Protein chains: 2
Amino acid sequence: MHPLFHYINQYTSSIIPKEDFKVLLRHFILKKIRKKQYLLQEGEICKYFAFIVKGALRQYYIDEKGMERVINLYVENWWAGDHESFVSLTPSAYNIDAWEDCEVLLISRESILKLCDEYPAFNQLIFKLGERHNIATQKRIASINYTAEKRYKCFVENFSFFANRFPQHIIASYLGITKDTLSRVIKK
Amino acid sequence: MHPLFHYINQYTSSIIPKEDFKVLLRHFILKKIRKKQYLLQEGEICKYFAFIVKGALRQYYIDEKGMERVINLYVENWWAGDHESFVSLTPSAYNIDAWEDCEVLLISRESILKLCDEYPAFNQLIFKLGERHNIATQKRIASINYTAEKRYKCFVENFSFFANRFPQHIIASYLGITKDTLSRVIKK
DNA sequence: ATAAATAATAGACATTTGTCTACGTTTTAT
DNA sequence: ATAAAACGTAGACAAATGTCTATTATTTAT
């Protein structure tokens with residue numbers, strides 16, 4: 001069974017007919033991305049959002065000192081892209097690259113709008129994804145006040161599966177702390 | 001003209017018929033909230049999202065040391081509520097209270113779903129609001145790595161209008177720094 | 001198998017930010 | 001009008017985190 005089919009049915013009340021799914025799938029472009037290659041580069045316009053079938057990616061920007069600052073990590077069944085660039089068609093401030101060899105399904109904004117319009121089930125899916133995303137980001141924003149230790153604690157509780165996919169210094173950056181601080185925190 | 005009517009038409013491609021708006025409006029409950037009163041209290045379930053017609057509110061939680069930690073600030077034309085509690089029907093971890101006397105329009109999740117279903121324009125509205133919200137939160141998440149100074153700089157660039165509505169120590173907490181640090185940063 | 005690149009840890013030190021107390025000002029309530 | 005509460009600033013000090021360098025372990029490429 002197609003992973004996207006499985007994924008969509010997790011979020012819709014009734015199972016999508018196979019026929020409909022076939023039409024849906026035609027709006028997606030399958031792309032393989034090798035480790036270290038970019039899905040999106042700073043300055044580009046994010047024309048597609050990517051549903052991750054296989055692999056792991058990270059979103060980051062380069063700060064004034066030339067350091068990589070990780071904003072998001074993604075694994076299977078997550079969506080990767082720059083919301084701002086995607087909607088506003090402005091050059092992205094972020095890079096998204098593959099941390100492992102990946103397989104992703106790309107979809108354009110036009111296709112999303114079209115599918116939302118034509119398939120209530122797809123509209124419902126996008127709606128629910130939005131809700132889930134809101135919940136996750138609200139938690140992340142609450143963490144702005146946290147100490148390094150509490151950030152790591154929350155990370156382990158909610159996202160420990162990232163730990164198997166990304167090295168510690170990437171996790172540290174994702175949490176907004178240095179690798180040295182994370183190393184100290186973990187030691188305790 | 002009703003502020004909600006004006007607001008909705010900002011986000012939809014074609015102006016909503018007055019008739020439709022009247023039906024729409026029936027799903028909202030007008031509520032006045034006096035300064036310092038709660039729209040939502042920790043432990044309660046967030047049954048409604050609030051569209052703010054007039055006034056200013058803040059969302060915060062109480063940390064281990066009993067300190068108020070501000071997560072969000074809201075003014076006219078913003079939506080206030082706890083996404084997680086609203087969707088999952090779990091007790092909220094947050095408080096939302098009025099910083100000024102407010103007038104808000106409450107709407108339940110059922111009403112939102114119903115209106116999305118019945119009025120494509122409303123569905124479109126919710127879709128676009130989601131997009132805007134995603135853009136804003138993505139920026140906020142990127143700020144996790146920022147220094148106190150850079151956080152304040154971004155705040156002034158994007159949300160300086162909050163400065164007229166909330167005192168400095170509330171802004172500081174919203175930025176994830178202490179009032180003392182903010183005071184120092186501003187001095188420069 | 002070997003060399004090179006990548007990761008994790010440790011310690012010394014610097015910097016940033018938080019904590020606490022005090023004081024003067026402004027706002028609010030009565 | 002007056003007292004009380006809330007607010008902003010300041011300085012001294014403490015704590016948390018960042019920076020840098022070195023060292024070792026682990027992984028990757030050839």
# chains A, B, ... in the order shown; residues from 1 in each chain; ligands from 1

call {"tool": "residues_around", "arguments": {"residues": "segment 13-25 of chain D", "least_positions_apart": "5", "cutoff": "10 Å", "atoms": "only C-alpha atoms (C1' of nucleotides)", "output": "list in words"}}
result
Thr147, Ala148, Ile177, Thr178, Lys179, Asp180 and Thr181 of chain A; DA7, DA8, DT9, DA10, DG11, DA12, DC13, DA14, DT15, DT16, DT17, DG18, DT19 and DC20 of chain C

call {"tool": "residues_around", "arguments": {"residues": "Val87 of chain B", "least_positions_apart": "5", "cutoff": "9 Å", "atoms": "only C-alpha atoms (C1' of nucleotides)", "output": "list in words"}}
result
Glu131, Arg132 and Ile135 of chain A; Cys46, Lys47, Asp82 and Arg109 of chain B

call {"tool": "write_last_selection", "arguments": {"atoms": "N, CA and C atoms", "output": "JSON list (two decimals), in the first residue's frame"}}
result
[["chain", "number", "residue", "atom", "x", "y", "z"],
["A", 131, "GLU", "N", -4.27, 21.80, 12.30],
["A", 131, "GLU", "CA", -4.53, 21.74, 13.75],
["A", 131, "GLU", "C", -3.36, 21.09, 14.49],
["A", 132, "ARG", "N", -2.90, 19.97, 13.96],
["A", 132, "ARG", "CA", -1.77, 19.28, 14.60],
["A", 132, "ARG", "C", -0.52, 20.17, 14.63],
["A", 135, "ILE", "N", -0.75, 22.81, 17.30],
["A", 135, "ILE", "CA", -0.50, 22.28, 18.64],
["A", 135, "ILE", "C", 1.00, 22.15, 18.87],
["B", 46, "CYS", "N", -10.68, 24.56, 26.57],
["B", 46, "CYS", "CA", -10.91, 25.71, 25.70],
["B", 46, "CYS", "C", -12.02, 25.38, 24.72],
["B", 47, "LYS", "N", -13.24, 25.76, 25.08],
["B", 47, "LYS", "CA", -14.39, 25.41, 24.23],
["B", 47, "LYS", "C", -14.57, 26.37, 23.07],
["B", 82, "ASP", "N", -6.43, 28.33, 23.11],
["B", 82, "ASP", "CA", -5.39, 27.30, 23.24],
["B", 82, "ASP", "C", -5.68, 26.20, 22.23],
["B", 109, "ARG", "N", -15.69, 24.88, 18.13],
["B", 109, "ARG", "CA", -15.09, 24.08, 17.06],
["B", 109, "ARG", "C", -16.16, 23.51, 16.15]]

call {"tool": "closest_atom_pairs", "arguments": {"of": "chain B", "to": "chain A", "cutoff": "6 Å", "atoms": "only C-alpha atoms", "output": "CSV"}}
result
residue,atom,partner,partner_atom,distance
B:Ile71,CA,A:Ala142,CA,5.8
B:His83,CA,A:Ile135,CA,5.6
B:Glu84,CA,A:Ile135,CA,5.0
B:Ile135,CA,A:Glu84,CA,5.0
B:Ala142,CA,A:Ile71,CA,5.9
B:Ile144,CA,A:Gly176,CA,5.8
B:Asn145,CA,A:Gly176,CA,4.9
B:Gly176,CA,A:Asn145,CA,4.9

call {"tool": "closest_atom_pairs", "arguments": {"of": "chain A", "to": "chain C", "cutoff": "12 Å", "atoms": "only C-alpha atoms (C1' of nucleotides)", "output": "Markdown table"}}
result
| residue | atom | partner | partner_atom | distance |
| --- | --- | --- | --- | --- |
| A:Thr147 | CA | C:DG18 | C1' | 11.4 |
| A:Phe166 | CA | C:DA7 | C1' | 11.2 |
| A:Pro167 | CA | C:DA7 | C1' | 7.6 |
| A:Gln168 | CA | C:DA8 | C1' | 8.1 |
| A:His169 | CA | C:DA7 | C1' | 8.2 |
| A:Ile170 | CA | C:DA7 | C1' | 10.7 |
| A:Lys179 | CA | C:DA8 | C1' | 8.9 |
| A:Asp180 | CA | C:DT9 | C1' | 8.2 |
| A:Thr181 | CA | C:DT9 | C1' | 10.8 |
| A:Leu182 | CA | C:DA8 | C1' | 10.5 |
| A:Ser183 | CA | C:DT9 | C1' | 7.2 |
| A:Arg184 | CA | C:DT9 | C1' | 8.7 |
| A:Val185 | CA | C:DT9 | C1' | 11.9 |
| A:Ile186 | CA | C:DT9 | C1' | 11.0 |
| A:Lys187 | CA | C:DT9 | C1' | 9.6 |

call {"tool": "write_last_selection", "arguments": {"atoms": "C-alpha atoms", "output": "PDB file, in the first residue's frame"}}
result
ATOM      1  CA  THR A 147      16.260  26.283  30.441  1.00  0.00           C
ATOM      2  CA  PHE A 166      20.395  13.016  13.973  1.00  0.00           C
ATOM      3  CA  PRO A 167      23.665  13.506  15.872  1.00  0.00           C
ATOM      4  CA  GLN A 168      23.746  15.375  19.127  1.00  0.00           C
ATOM      5  CA  HIS A 169      25.051  18.666  17.800  1.00  0.00           C
ATOM      6  CA  ILE A 170      22.120  18.902  15.386  1.00  0.00           C
ATOM      7  CA  LYS A 179      26.432  21.088  21.574  1.00  0.00           C
ATOM      8  CA  ASP A 180      28.656  21.674  24.614  1.00  0.00           C
ATOM      9  CA  THR A 181      25.705  22.643  26.787  1.00  0.00           C
ATOM     10  CA  LEU A 182      23.682  19.678  25.564  1.00  0.00           C
ATOM     11  CA  SER A 183      26.579  17.361  26.321  1.00  0.00           C
ATOM     12  CA  ARG A 184      26.676  18.709  29.893  1.00  0.00           C
ATOM     13  CA  VAL A 185      22.921  18.383  30.326  1.00  0.00           C
ATOM     14  CA  ILE A 186      22.888  14.793  29.117  1.00  0.00           C
ATOM     15  CA  LYS A 187      25.707  13.853  31.446  1.00  0.00           C
TER      16      LYS A 187
END

call {"tool": "select_by_dssp", "arguments": {"residues": "segment 13-162 of chain B", "states": "strand (DSSP E or B)", "output": "ChimeraX atom specification"}}
result
/B:29-33,38-40,48-54,57-62,68-74,79-80,95-98,102-108

call {"tool": "write_last_selection", "arguments": {"atoms": "N, CA and C atoms", "output": "short mmCIF file (atom, residue, chain, number, x, y, z; two decimals), in the first residue's frame"}}
result
data_model
loop_
_atom_site.label_atom_id
_atom_site.label_comp_id
_atom_site.auth_asym_id
_atom_site.auth_seq_id
_atom_site.Cartn_x
_atom_site.Cartn_y
_atom_site.Cartn_z
N ILE B 29 -20.68 34.19 19.70
CA ILE B 29 -21.27 34.70 20.94
C ILE B 29 -20.49 35.92 21.36
N LEU B 30 -21.16 37.02 21.48
CA LEU B 30 -20.48 38.25 21.91
C LEU B 30 -20.26 38.21 23.41
N LYS B 31 -19.03 38.51 23.81
CA LYS B 31 -18.73 38.49 25.24
C LYS B 31 -17.88 39.68 25.60
N LYS B 32 -18.20 40.30 26.72
CA LYS B 32 -17.36 41.40 27.20
C LYS B 32 -16.52 40.87 28.35
N ILE B 33 -15.27 41.14 28.30
CA ILE B 33 -14.37 40.68 29.35
C ILE B 33 -13.70 41.89 29.97
N TYR B 38 -10.50 36.38 33.24
CA TYR B 38 -10.01 35.31 32.39
C TYR B 38 -10.93 35.01 31.21
N LEU B 39 -10.30 34.78 30.07
CA LEU B 39 -11.02 34.20 28.94
C LEU B 39 -10.89 32.69 29.06
N LEU B 40 -9.75 32.25 29.58
CA LEU B 40 -9.47 30.82 29.76
C LEU B 40 -8.55 30.66 30.96
N TYR B 48 -14.02 27.56 23.21
CA TYR B 48 -14.19 28.57 22.16
C TYR B 48 -12.88 29.24 21.77
N PHE B 49 -12.78 29.59 20.52
CA PHE B 49 -11.75 30.52 20.11
C PHE B 49 -12.39 31.90 20.09
N ALA B 50 -11.60 32.92 20.37
CA ALA B 50 -12.16 34.26 20.48
C ALA B 50 -11.57 35.19 19.43
N PHE B 51 -12.45 35.78 18.66
CA PHE B 51 -12.03 36.84 17.74
C PHE B 51 -12.13 38.15 18.51
N ILE B 52 -11.05 38.89 18.53
CA ILE B 52 -11.01 40.09 19.37
C ILE B 52 -11.49 41.32 18.60
N VAL B 53 -12.63 41.82 19.02
CA VAL B 53 -13.20 43.01 18.40
C VAL B 53 -12.54 44.25 18.99
N LYS B 54 -12.29 44.19 20.28
CA LYS B 54 -11.74 45.36 20.96
C LYS B 54 -11.00 44.89 22.20
N LEU B 57 -5.29 41.10 25.14
CA LEU B 57 -5.20 39.97 26.06
C LEU B 57 -3.82 39.34 25.99
N ARG B 58 -3.55 38.48 26.95
CA ARG B 58 -2.27 37.75 26.93
C ARG B 58 -2.51 36.31 27.32
N GLN B 59 -1.69 35.44 26.76
CA GLN B 59 -1.71 34.01 27.10
C GLN B 59 -0.44 33.72 27.87
N TYR B 60 -0.54 33.03 28.98
CA TYR B 60 0.66 32.74 29.78
C TYR B 60 0.46 31.48 30.60
N TYR B 61 1.57 30.99 31.14
CA TYR B 61 1.47 29.89 32.09
C TYR B 61 2.28 30.25 33.33
N ILE B 62 2.07 29.47 34.38
CA ILE B 62 2.80 29.70 35.63
C ILE B 62 3.90 28.65 35.72
N GLU B 68 4.83 34.15 36.09
CA GLU B 68 4.02 34.18 34.86
C GLU B 68 4.95 34.23 33.65
N ARG B 69 4.73 33.32 32.71
CA ARG B 69 5.52 33.30 31.49
C ARG B 69 4.59 33.54 30.31
N VAL B 70 4.76 34.67 29.66
CA VAL B 70 3.85 35.05 28.58
C VAL B 70 4.21 34.31 27.29
N ILE B 71 3.21 33.76 26.64
CA ILE B 71 3.42 33.03 25.39
C ILE B 71 2.92 33.83 24.20
N ASN B 72 1.76 34.47 24.37
CA ASN B 72 1.20 35.23 23.26
C ASN B 72 0.54 36.51 23.74
N LEU B 73 0.55 37.49 22.87
CA LEU B 73 -0.17 38.73 23.12
C LEU B 73 -1.18 38.88 21.98
N TYR B 74 -2.32 39.44 22.30
CA TYR B 74 -3.37 39.59 21.29
C TYR B 74 -3.98 40.98 21.36
N TRP B 79 -6.91 36.26 16.96
CA TRP B 79 -7.66 35.16 17.55
C TRP B 79 -6.95 34.66 18.79
N ALA B 80 -7.70 34.48 19.86
CA ALA B 80 -7.11 33.99 21.11
C ALA B 80 -7.72 32.66 21.50
N ASN B 95 -3.27 30.14 30.75
CA ASN B 95 -4.29 31.13 31.10
C ASN B 95 -4.33 32.17 30.00
N ILE B 96 -5.52 32.67 29.74
CA ILE B 96 -5.65 33.83 28.87
C ILE B 96 -6.47 34.85 29.63
N ASP B 97 -5.91 36.01 29.86
CA ASP B 97 -6.68 37.03 30.56
C ASP B 97 -6.62 38.37 29.84
N ALA B 98 -7.58 39.22 30.20
CA ALA B 98 -7.71 40.52 29.53
C ALA B 98 -6.77 41.53 30.17
N CYS B 102 -12.26 44.11 27.18
CA CYS B 102 -12.33 43.54 25.84
C CYS B 102 -13.76 43.25 25.39
N GLU B 103 -13.89 43.21 24.08
CA GLU B 103 -15.09 42.65 23.47
C GLU B 103 -14.61 41.57 22.51
N VAL B 104 -15.12 40.36 22.69
CA VAL B 104 -14.69 39.27 21.83
C VAL B 104 -15.89 38.52 21.27
N LEU B 105 -15.66 37.81 20.17
CA LEU B 105 -16.69 36.98 19.57
C LEU B 105 -16.24 35.53 19.68
N LEU B 106 -16.98 34.75 20.44
CA LEU B 106 -16.60 33.37 20.68
C LEU B 106 -17.21 32.45 19.63
N ILE B 107 -16.45 31.45 19.22
CA ILE B 107 -16.98 30.45 18.30
C ILE B 107 -16.46 29.08 18.68
N SER B 108 -17.33 28.09 18.65
CA SER B 108 -16.96 26.73 19.03
C SER B 108 -16.34 25.99 17.84
#

call {"tool": "interface_residues", "arguments": {"of": "chain D", "to": "chain B", "cutoff": "9 Å", "atoms": "only C-alpha atoms (C1' of nucleotides)", "output": "list in words"}}
result
DC7, DG8 and DT9 of chain D

call {"tool": "write_last_selection", "arguments": {"atoms": "N, CA and C atoms (P, O5', C5', C4', C3', O3' and C1' of nucleotides)", "output": "compact mmCIF listing (two decimals), in the first residue's frame"}}
result
# COMPACT_ATOMS: atom_id res chain seq x y z
P DC D 7 2.10 46.63 35.88
O5' DC D 7 3.36 47.60 35.71
C5' DC D 7 3.14 48.95 35.33
C4' DC D 7 4.45 49.70 35.31
C3' DC D 7 5.59 48.99 34.59
O3' DC D 7 5.89 49.73 33.42
C1' DC D 7 6.30 50.04 36.62
P DG D 8 6.99 49.16 32.39
O5' DG D 8 8.31 49.92 32.86
C5' DG D 8 8.39 51.32 32.66
C4' DG D 8 9.72 51.83 33.15
C3' DG D 8 10.93 51.14 32.52
O3' DG D 8 11.79 52.15 32.04
C1' DG D 8 11.07 51.07 34.90
P DT D 9 13.21 51.78 31.36
O5' DT D 9 14.25 51.94 32.55
C5' DT D 9 14.35 53.19 33.20
C4' DT D 9 15.34 53.09 34.33
C3' DT D 9 16.69 52.50 33.93
O3' DT D 9 17.67 53.48 34.17
C1' DT D 9 15.87 51.55 35.97

call {"tool": "atom_distance", "arguments": {"atom1": "atom C1' of DT26 of chain D", "atom2": "atom CA of Ile171 of chain A"}}
result
18.1 Å

call {"tool": "select_by_dssp", "arguments": {"residues": "chain A", "states": "alpha helix (DSSP H)", "output": "JSON, numbers by chain"}}
result
{"A": [3, 4, 5, 6, 7, 8, 9, 10, 11, 18, 19, 20, 21, 22, 23, 24, 25, 83, 84, 85, 86, 87, 88, 109, 110, 111, 112, 113, 114, 115, 116, 117, 118, 120, 121, 122, 123, 124, 125, 126, 127, 128, 129, 130, 131, 132, 133, 134, 135, 136, 137, 138, 139, 140, 141, 142, 148, 149, 150, 151, 152, 153, 154, 155, 156, 157, 158, 159, 168, 169, 170, 171, 172, 173, 174, 175, 179, 180, 181, 182, 183, 184, 185, 186, 187]}
